[in-house]
Each structure stands twice: as structure tokens, then as C-alpha cells.
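Following: one structure in C-alpha cells, then a few remarks.
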Number of protein chains: 2
Amino acid sequence: MARNKHPEETANLILDTALRLFMEKGYEHTSIQDIINQLGGLSKGAIYHHFKSKEDILAAVTDRITADSNRMLQEIRDRKDMNGKDKLKAIFRESLLRPVQDEIFTVAPDMSSNPRLMYSILKETMDLTVPDYIQPILEEGSADGSILAEHPKEVSEMLMLLTNFWLNPMIFNSTVEESCRKFQVLDQVLQGMGLDVFDEDMKNRLEELTQIYREHQ
Amino acid sequence: MARNKHPEETANLILDTALRLFMEKGYEHTSIQDIINQLGGLSKGAIYHHFKSKEDILAAVTDRITADSNRMLQEIRDRKDMNGKDKLKAIFRESLLRPVQDEIFTVAPDMSSNPRLMYSILKETMDLTVPDYIQPILEEGSADGSILAEHPKEVSEMLMLLTNFWLNPMIFNSTVEESCRKFQVLDQVLQGMGLDVFDEDMKNRLEELTQIYREHQ
DNA sequence: AAATACATACCGTCGTTCGGTATGAAATGT
DNA sequence: ACATTTCATACCGAACGACGGTATGTATTT
């Protein structure tokens, strides 16, 4: 294939294709050759020019996934017109309600048989999202009195583990009913911690997303 | 190598070696040849006679790990002299206090860079331990009035995720202080759910295990 | 001319397969 | 009772195809 004047476009094309295949077939069952075949004209040399290994592609892929979500998190974190608890609630609302989710849940990657991708996203969440966004918000909430969290780091980790991981129907392969019950249980737990951040809208949206996911297998 | 009259011994030898290597080097970085080299005399054919694939070895390995733990769970579950909550407490106590844990934490597998083994154990826990042991105990506790859990399956899942996964220093690479804070946070959450099942002994033991783990890297 | 964006041929290793041998217990024959 | 045959099983090791990765070459841009 002809050389591209804007090499980042090529890199992005590789990542697009890789992400699609990783979600369809799983990371381990996607070969470099698979990516090349779906790429149309590009060769192995091109891939290894832009990325140094298959693992590196996975890292870049998860980076791109979370980068998008992190822009939203940053916006909410930096607002001056909300207290900590409201920011936390806004984050959960946005995470669920943003329309991008439909797309993701429609592609319907079966994360439960894709441990590498799952783990990579979880690790990014724990190493980046938690310390950069969730923990600061909890600390702000502690300072302004809207949240009572003695150990913000640990509470943030737990929050993300429960909401982004356990509550995610793609990861635990939940039915609509299970998603519903998980939401209820989690809501009670959060209320017990003084974090009444869930509402009816979110519950309905979670149901809807679970539905979308299960329809697409 | 000469033919073994008791083939299960050979299979167990393979599993012993495989587990050791999986924990030392990680599942993905352990080759079948690595296992053969450490096995002393046995050949590739022998391995593929006893196991149908490398994945199959991983499954057998995790089976053996959880089987031991499940025997203890079964004993407690079937006791007639305890109510549900006491059984739950007994399970957490035993899980932490049993001396086998020293051994495991001394070998100190870095699960955080071993997603396949980690995932395999998590899946066994969710698919087997939860429905067979934890959920029945919660239901018993619901019936005898010692526990208030509207959705036993979901509460069980959450419990196991938080105690066996999040609280495990091998998985989240926690320091002693982090382990301590996690324990505190989790204790409060559980109390909020009417599950005061943690005590000072457990906290000290968790500290001790975290210490052991970190000493061995 | 130097650097970059790709192509291509090739390498070592991997998981897996498969034809084969050795062994021993059960079935059969004497 | 012992000898012979049968047959499933434990194990061997060469070979295979696919894999991730590299070395080197070439064309294009700067």
C-alpha cells in the first residue's frame, strides 16, 4: 500500500481493526495475520512499524477506549458548580446514559471469554481512572461535607470494581433480571455508605443496555 | 520414562509442575516444553495423553486449587449447629486462618501480571463456589432470620468479589496499609448490610498474610 | 541526504497431532 | 493350572502449521 502522508491515520486504522477483532474473537484468538487480512493492503511491516508488539496494540486499544471516557470524567471533575457527591452522581449518570454505550453493547463483545481485554480495561481503571478522577472527587466530597469517606482511595477502588466491573452485563453475562437485582443490591450498599447516587433513570438505562447486549448475543 | 501403574500420579505430577510454573512465570509465558523440562523424563506425548490441551491443564489446575477450599466450605455449609450468619463468619475465618495460606502467599504468585490464572480462579468462584456454598448459606440465614438478604445470589457474588478478589493482596498488589484500609472499608460496608462477620483476628491475619506476600516479592 | 512509511522474506518457538512402542491385565485356550 | 492371545492404556518423539517477531530492502516525504 502507498505510503500515507498522515501516519497517525494508519495507526488509527490498525487500532480500529484490532479493537473490532479483539471484541469479536477475543485477544488471544486474534492473530496479527487476522488484523492484516482485515486491513486491506497493509502489511506486517506496517503494523510493526507503528506498534512494537501485539501486547502494545492491546495497550493502545484500551488506552483509546478509556481516553474517551476520561475526557468526560475530567470535565465533571473540574466543574466548580457542584459538590463532590453531585459530581459522583453525574459521573455514574453520564457513564450509563451516553449514547456511545449503545454502540458498544450492540457490538456485544463477550468479555467473559476475553480475559486479556477485560483485565486490560480493569487495570487501566484501577491505575488511571481511580487515582485521577474518582479519588479526587471523593476527597472533594469529604472536604465539602457532601461525602463521608475515611479512606477515599479504597472506597474509589471498590466503587469502580462494583459499578464498572460487577454491574457490567458484558463481563458477568447478566440477564436483565440479574442486572436489575444487582442494581438494587448495589444501591442499598451505596446508600449505607451515604452515597445515594443511583436513581430510577439509571436503573432503566441499565436494563435497556442489558437488553441490547443480550439481543446481540 | 517407564509406564506408571498409577496414571493419576503422573497426571498429578504434571499438574504440580504446571501450577508451579504458572505461578512463577504466568500461564502465557509457560510453554508445554517448559513443563516437560521440569518434569524429568516425561515427554510431550505423555502430557497430551493425560490432558487434551494447555487450556485443559489450566482448568485442571484451578479445579485442584478450589477443590481443597470447597471441602472446607462444604463442611461448614452442612453443619447443623450453626445459623446462617455464623456459618458465613466461619467461612471467612477459615479462609483466612487456615495454614495452607502461608504456603500460597510464600510462593507469592504475582497474579496482577497473570490474568489467565486470575480469571480462571475468579470464574470457578462465581460459577461454583457462589451457587454451591455461599448462596445456600445466605438463604439459610434468610430463613433462620440471622441474615437479611433479599437477593441472595447477587449478594453472594458481591461478597466473593470483594473478599476473595478485591481484598486479595496477590491480585491487587496491596501494601500492608492498603490491605488494612480495605479491610476497614469492607467491614463497614458489610455491617451496613447487617453482616458483622469480620473481627480483629481476621484483620491481624490479613495483615500477616500481606506481609508474607510482600516479603516474598 | 536523512528520516520515515511501508513491503517482504524469513526465523525460532509455540501448541498440537500422530504413528508408533511398551506394558500389563483380562479373556481365552489347553 | 498354566500358556497364549487380545486389547486398552501409558508413553515416546518426530513432524506440522501457525504464530509473534525481526532483518532488510524500497519508495516516499522532509
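Going by the C-alpha cells order, chains are called A, B, ..., each with residues numbered from 1, while ligands are numbered from 1 in the order shown.
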
Surrounding residues of Ile104 (chain B) excluding itself and chain neighbours under 5 positions, 10 Å, only C-alpha atoms (C1' of nucleotides), as a PDB file with N, CA and C atoms, in the first residue's frame:
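Contents of around_9.pdb, as written:
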ATOM      1  N   MET B  23       2.431 -20.151  38.275  1.00  0.00           N
ATOM      2  CA  MET B  23       2.529 -19.120  39.309  1.00  0.00           C
ATOM      3  C   MET B  23       3.847 -18.367  39.196  1.00  0.00           C
ATOM      4  N   PRO B  99      -3.688 -22.678  57.624  1.00  0.00           N
ATOM      5  CA  PRO B  99      -2.244 -22.513  57.425  1.00  0.00           C
ATOM      6  C   PRO B  99      -1.804 -22.671  55.977  1.00  0.00           C
ATOM      7  N   PRO B 109       2.678 -15.850  43.956  1.00  0.00           N
ATOM      8  CA  PRO B 109       2.473 -15.628  42.535  1.00  0.00           C
ATOM      9  C   PRO B 109       1.975 -14.210  42.310  1.00  0.00           C
ATOM     10  N   MET B 170      -2.557 -10.487  46.645  1.00  0.00           N
ATOM     11  CA  MET B 170      -1.842 -11.047  45.494  1.00  0.00           C
ATOM     12  C   MET B 170      -2.400 -10.508  44.184  1.00  0.00           C
ATOM     13  N   LEU B 209      -0.672 -12.060  56.332  1.00  0.00           N
ATOM     14  CA  LEU B 209      -0.561 -12.669  55.005  1.00  0.00           C
ATOM     15  C   LEU B 209      -0.024 -11.660  53.984  1.00  0.00           C
ATOM     16  N   ILE B 212       3.638 -11.429  54.543  1.00  0.00           N
ATOM     17  CA  ILE B 212       4.316 -12.601  53.967  1.00  0.00           C
ATOM     18  C   ILE B 212       4.435 -12.446  52.463  1.00  0.00           C
ATOM     19  N   TYR B 213       3.336 -12.031  51.847  1.00  0.00           N
ATOM     20  CA  TYR B 213       3.327 -11.895  50.394  1.00  0.00           C
ATOM     21  C   TYR B 213       4.366 -10.879  49.931  1.00  0.00           C
TER      22      TYR B 213
END

| Residues of chain D within 12 Å of chain A, counting only C-alpha atoms (C1' of nucleotides), as JSON, numbers by chain | {"D": [18, 19, 20, 21, 22, 23, 24, 25, 26, 27, 28, 29, 30]}

Using only C-alpha atoms, I'd like a table of the residues in chain A that come within 12 Å of chain B; for each, show the closest atom pair and its distance in Å rounded to one decimal, ordered by chain and ascending number, as a Markdown table.
| residue | atom | partner | partner_atom | distance |
| --- | --- | --- | --- | --- |
| A:Tyr27 | CA | B:Arg116 | CA | 11.9 |
| A:Glu28 | CA | B:Glu28 | CA | 10.0 |
| A:Met111 | CA | B:Tyr119 | CA | 11.2 |
| A:Ser112 | CA | B:Lys123 | CA | 8.8 |
| A:Ser113 | CA | B:Tyr119 | CA | 9.5 |
| A:Asn114 | CA | B:Tyr119 | CA | 9.5 |
| A:Pro115 | CA | B:Tyr119 | CA | 6.3 |
| A:Arg116 | CA | B:Pro115 | CA | 6.5 |
| A:Leu117 | CA | B:Pro115 | CA | 9.6 |
| A:Met118 | CA | B:Pro115 | CA | 9.0 |
| A:Tyr119 | CA | B:Pro115 | CA | 6.3 |
| A:Ser120 | CA | B:Pro115 | CA | 8.8 |
| A:Ile121 | CA | B:Pro115 | CA | 11.7 |
| A:Leu122 | CA | B:Pro115 | CA | 10.7 |
| A:Lys123 | CA | B:Ser112 | CA | 8.8 |
| A:Met126 | CA | B:Phe172 | CA | 9.2 |
| A:Asp127 | CA | B:Phe172 | CA | 10.5 |
| A:Leu148 | CA | B:Val185 | CA | 11.7 |
| A:Ala149 | CA | B:Val185 | CA | 9.0 |
| A:Glu150 | CA | B:Val185 | CA | 8.3 |
| A:His151 | CA | B:Arg181 | CA | 6.8 |
| A:Pro152 | CA | B:Val185 | CA | 9.7 |
| A:Lys153 | CA | B:Glu178 | CA | 9.0 |
| A:Glu154 | CA | B:Lys182 | CA | 5.8 |
| A:Val155 | CA | B:Val185 | CA | 6.9 |
| A:Ser156 | CA | B:Val185 | CA | 10.7 |
| A:Glu157 | CA | B:Trp166 | CA | 8.7 |
| A:Met158 | CA | B:Trp166 | CA | 7.7 |
| A:Leu159 | CA | B:Leu162 | CA | 10.7 |
| A:Met160 | CA | B:Trp166 | CA | 11.1 |
| A:Leu161 | CA | B:Trp166 | CA | 8.2 |
| A:Leu162 | CA | B:Met158 | CA | 7.8 |
| A:Thr163 | CA | B:Met158 | CA | 11.0 |
| A:Phe165 | CA | B:Leu161 | CA | 10.0 |
| A:Trp166 | CA | B:Met158 | CA | 7.7 |
| A:Leu167 | CA | B:Met158 | CA | 9.8 |
| A:Ile171 | CA | B:Lys123 | CA | 11.0 |
| A:Phe172 | CA | B:Met126 | CA | 9.2 |
| A:Asn173 | CA | B:Met126 | CA | 11.5 |
| A:Ser174 | CA | B:Glu154 | CA | 10.6 |
| A:Glu177 | CA | B:Glu154 | CA | 10.8 |
| A:Glu178 | CA | B:Glu154 | CA | 7.6 |
| A:Ser179 | CA | B:Glu154 | CA | 9.2 |
| A:Cys180 | CA | B:Glu154 | CA | 10.0 |
| A:Arg181 | CA | B:His151 | CA | 6.8 |
| A:Lys182 | CA | B:Glu154 | CA | 5.8 |
| A:Phe183 | CA | B:Glu154 | CA | 9.4 |
| A:Gln184 | CA | B:His151 | CA | 8.9 |
| A:Val185 | CA | B:Val155 | CA | 7.0 |
| A:Leu186 | CA | B:Met158 | CA | 8.8 |
| A:Asp187 | CA | B:Met193 | CA | 11.6 |
| A:Gln188 | CA | B:Met193 | CA | 8.3 |
| A:Val189 | CA | B:Val189 | CA | 6.8 |
| A:Leu190 | CA | B:Val189 | CA | 8.5 |
| A:Gln191 | CA | B:Gly192 | CA | 9.1 |
| A:Gly192 | CA | B:Gly192 | CA | 5.5 |
| A:Met193 | CA | B:Val189 | CA | 6.9 |
| A:Gly194 | CA | B:Gly192 | CA | 10.4 |
| A:Leu195 | CA | B:Val189 | CA | 11.7 |

Which residues of chain C sit at most 8 Å from chain B, using only C-alpha atoms (C1' of nucleotides)? Give each one's shortest atom pair and distance in Å (one decimal place), in chain and ascending residue order, as JSON lines.
{"residue": "C:DC14", "atom": "C1'", "partner": "B:Ser31", "partner_atom": "CA", "distance": 7.4}
{"residue": "C:DG15", "atom": "C1'", "partner": "B:Ile32", "partner_atom": "CA", "distance": 7.6}
{"residue": "C:DT16", "atom": "C1'", "partner": "B:Ser53", "partner_atom": "CA", "distance": 7.9}
{"residue": "C:DA22", "atom": "C1'", "partner": "B:Arg3", "partner_atom": "CA", "distance": 8.0}
{"residue": "C:DT23", "atom": "C1'", "partner": "B:Arg3", "partner_atom": "CA", "distance": 7.1}

| Quick one: DSSP helix (DSSP H, G or I) residues in region 33-177 of chain B, as JSON, numbers by chain? | {"B": [33, 34, 35, 36, 37, 38, 39, 44, 45, 46, 47, 48, 49, 50, 54, 55, 56, 57, 58, 59, 60, 61, 62, 63, 64, 65, 66, 67, 68, 69, 70, 71, 72, 73, 74, 75, 76, 77, 84, 85, 86, 87, 88, 89, 90, 91, 92, 93, 94, 95, 96, 97, 100, 101, 102, 103, 104, 105, 106, 107, 111, 112, 113, 115, 116, 117, 118, 119, 120, 121, 122, 123, 124, 125, 126, 127, 128, 129, 130, 131, 132, 133, 134, 135, 136, 137, 138, 139, 140, 141, 142, 143, 144, 152, 153, 154, 155, 156, 157, 158, 159, 160, 161, 162, 163, 164, 165, 166, 169, 170, 171, 172, 176, 177]}

Please produce a file of the residues just selected, as a tab-separated table (two decimals), in the first residue's frame, where the atoms kept are C-alpha atoms.
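Generated file (part-v9.tsv):
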chain	number	residue	atom	x	y	z
B	33	GLN	CA	8.14	-27.57	26.74
B	34	ASP	CA	8.85	-25.71	29.99
B	35	ILE	CA	6.61	-28.15	31.82
B	36	ILE	CA	8.32	-31.13	30.16
B	37	ASN	CA	11.78	-29.84	31.04
B	38	GLN	CA	10.84	-29.52	34.72
B	39	LEU	CA	9.11	-32.87	34.73
B	44	LYS	CA	5.13	-34.26	25.24
B	45	GLY	CA	3.10	-37.29	24.29
B	46	ALA	CA	2.57	-38.13	27.95
B	47	ILE	CA	1.16	-34.69	28.66
B	48	TYR	CA	-1.21	-34.82	25.71
B	49	HIS	CA	-2.27	-38.29	26.74
B	50	HIS	CA	-3.46	-37.02	30.10
B	54	LYS	CA	-2.83	-26.41	27.59
B	55	GLU	CA	-6.14	-24.77	28.50
B	56	ASP	CA	-7.28	-28.11	29.86
B	57	ILE	CA	-4.26	-28.17	32.15
B	58	LEU	CA	-5.15	-24.70	33.40
B	59	ALA	CA	-8.70	-25.82	34.12
B	60	ALA	CA	-7.46	-28.90	35.98
B	61	VAL	CA	-5.01	-26.80	37.95
B	62	THR	CA	-7.68	-24.34	39.10
B	63	ASP	CA	-10.00	-27.24	39.84
B	64	ARG	CA	-7.47	-28.67	42.24
B	65	ILE	CA	-6.90	-25.32	43.91
B	66	THR	CA	-10.59	-24.70	44.56
B	67	ALA	CA	-11.43	-28.33	45.36
B	68	ASP	CA	-9.40	-28.11	48.54
B	69	SER	CA	-11.11	-24.91	49.58
B	70	ASN	CA	-14.51	-26.31	48.67
B	71	ARG	CA	-14.13	-29.24	51.03
B	72	MET	CA	-13.89	-26.78	53.89
B	73	LEU	CA	-16.87	-24.81	52.59
B	74	GLN	CA	-18.97	-27.94	52.34
B	75	GLU	CA	-18.18	-28.96	55.90
B	76	ILE	CA	-19.30	-25.61	57.26
B	77	ARG	CA	-22.34	-25.40	55.00
B	84	GLY	CA	-26.52	-18.77	58.54
B	85	LYS	CA	-24.62	-15.79	59.76
B	86	ASP	CA	-22.33	-17.87	61.97
B	87	LYS	CA	-21.58	-20.13	59.02
B	88	LEU	CA	-20.69	-17.14	56.89
B	89	LYS	CA	-18.40	-15.84	59.59
B	90	ALA	CA	-16.86	-19.30	59.98
B	91	ILE	CA	-16.14	-19.42	56.27
B	92	PHE	CA	-14.30	-16.11	56.23
B	93	ARG	CA	-12.39	-17.07	59.37
B	94	GLU	CA	-11.33	-20.41	57.98
B	95	SER	CA	-10.43	-18.99	54.56
B	96	LEU	CA	-8.01	-16.59	56.17
B	97	LEU	CA	-6.72	-18.58	59.12
B	100	VAL	CA	-2.26	-23.51	53.76
B	101	GLN	CA	-2.50	-19.81	53.00
B	102	ASP	CA	1.03	-19.20	54.33
B	103	GLU	CA	2.35	-21.58	51.72
B	104	ILE	CA	0.39	-19.95	48.91
B	105	PHE	CA	1.38	-16.44	49.91
B	106	THR	CA	5.02	-17.53	50.31
B	107	VAL	CA	5.22	-18.81	46.76
B	111	MET	CA	-1.48	-12.58	39.94
B	112	SER	CA	-1.61	-8.99	38.79
B	113	SER	CA	0.50	-9.99	35.79
B	115	PRO	CA	-4.66	-12.54	34.01
B	116	ARG	CA	-5.40	-16.03	32.76
B	117	LEU	CA	-4.86	-17.78	36.09
B	118	MET	CA	-6.61	-14.94	37.90
B	119	TYR	CA	-9.61	-15.09	35.61
B	120	SER	CA	-9.78	-18.87	35.80
B	121	ILE	CA	-9.96	-18.80	39.60
B	122	LEU	CA	-12.49	-15.95	39.59
B	123	LYS	CA	-14.68	-17.85	37.17
B	124	GLU	CA	-14.56	-21.02	39.27
B	125	THR	CA	-15.54	-18.95	42.29
B	126	MET	CA	-18.51	-17.36	40.53
B	127	ASP	CA	-19.71	-20.48	38.76
B	128	LEU	CA	-19.16	-23.00	41.54
B	129	THR	CA	-18.38	-21.60	44.96
B	130	VAL	CA	-21.14	-18.98	44.88
B	131	PRO	CA	-24.11	-21.15	43.86
B	132	ASP	CA	-22.98	-24.28	45.74
B	133	TYR	CA	-21.85	-22.82	49.03
B	134	ILE	CA	-22.26	-19.09	49.64
B	135	GLN	CA	-25.74	-18.61	48.23
B	136	PRO	CA	-27.23	-21.61	50.15
B	137	ILE	CA	-25.77	-20.27	53.37
B	138	LEU	CA	-27.24	-16.83	52.72
B	139	GLU	CA	-30.59	-18.43	52.01
B	140	GLU	CA	-30.36	-20.41	55.21
B	141	GLY	CA	-29.54	-17.20	57.05
B	142	SER	CA	-32.52	-15.53	55.45
B	143	ALA	CA	-34.76	-18.40	56.58
B	144	ASP	CA	-33.50	-18.54	60.17
B	152	PRO	CA	-29.00	-13.98	47.90
B	153	LYS	CA	-27.37	-14.75	44.57
B	154	GLU	CA	-26.34	-11.18	43.90
B	155	VAL	CA	-25.22	-10.58	47.47
B	156	SER	CA	-23.14	-13.76	47.36
B	157	GLU	CA	-21.46	-12.71	44.16
B	158	MET	CA	-20.67	-9.30	45.54
B	159	LEU	CA	-19.37	-10.78	48.77
B	160	MET	CA	-17.00	-13.13	46.98
B	161	LEU	CA	-15.85	-10.45	44.56
B	162	LEU	CA	-14.97	-8.14	47.42
B	163	THR	CA	-13.43	-10.64	49.82
B	164	ASN	CA	-11.73	-13.15	47.52
B	165	PHE	CA	-10.76	-10.77	44.76
B	166	TRP	CA	-10.52	-7.17	45.88
B	169	PRO	CA	-3.22	-8.68	48.12
B	170	MET	CA	-1.84	-11.05	45.49
B	171	ILE	CA	-4.34	-9.79	42.95
B	172	PHE	CA	-4.35	-6.07	43.66
B	176	VAL	CA	0.04	-3.86	54.33
B	177	GLU	CA	-1.51	-0.43	54.91

| Which residue, C:DG12, C:DG24, C:DG19, C:DG29, has the smallest gap to DG13 (chain D) when you use only C-alpha atoms (C1' of nucleotides)? |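 Going through C:DG12, C:DG24, C:DG19, C:DG29 one by one, the smallest distance to DG13 (chain D) is for C:DG19.
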
| query | When you draw a straight line from CA of Thr17 (chain B) to C1' of DG17 (chain D), how long is it in Å? | reply | 27.6 Å

| message | Rounded to one decimal, what separation in Å do you get between CA of Leu206 (chain A) and CA of Thr175 (chain A)? | response |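 Between CA of Leu206 (chain A) and CA of Thr175 (chain A) the gap works out to 11.1 Å.
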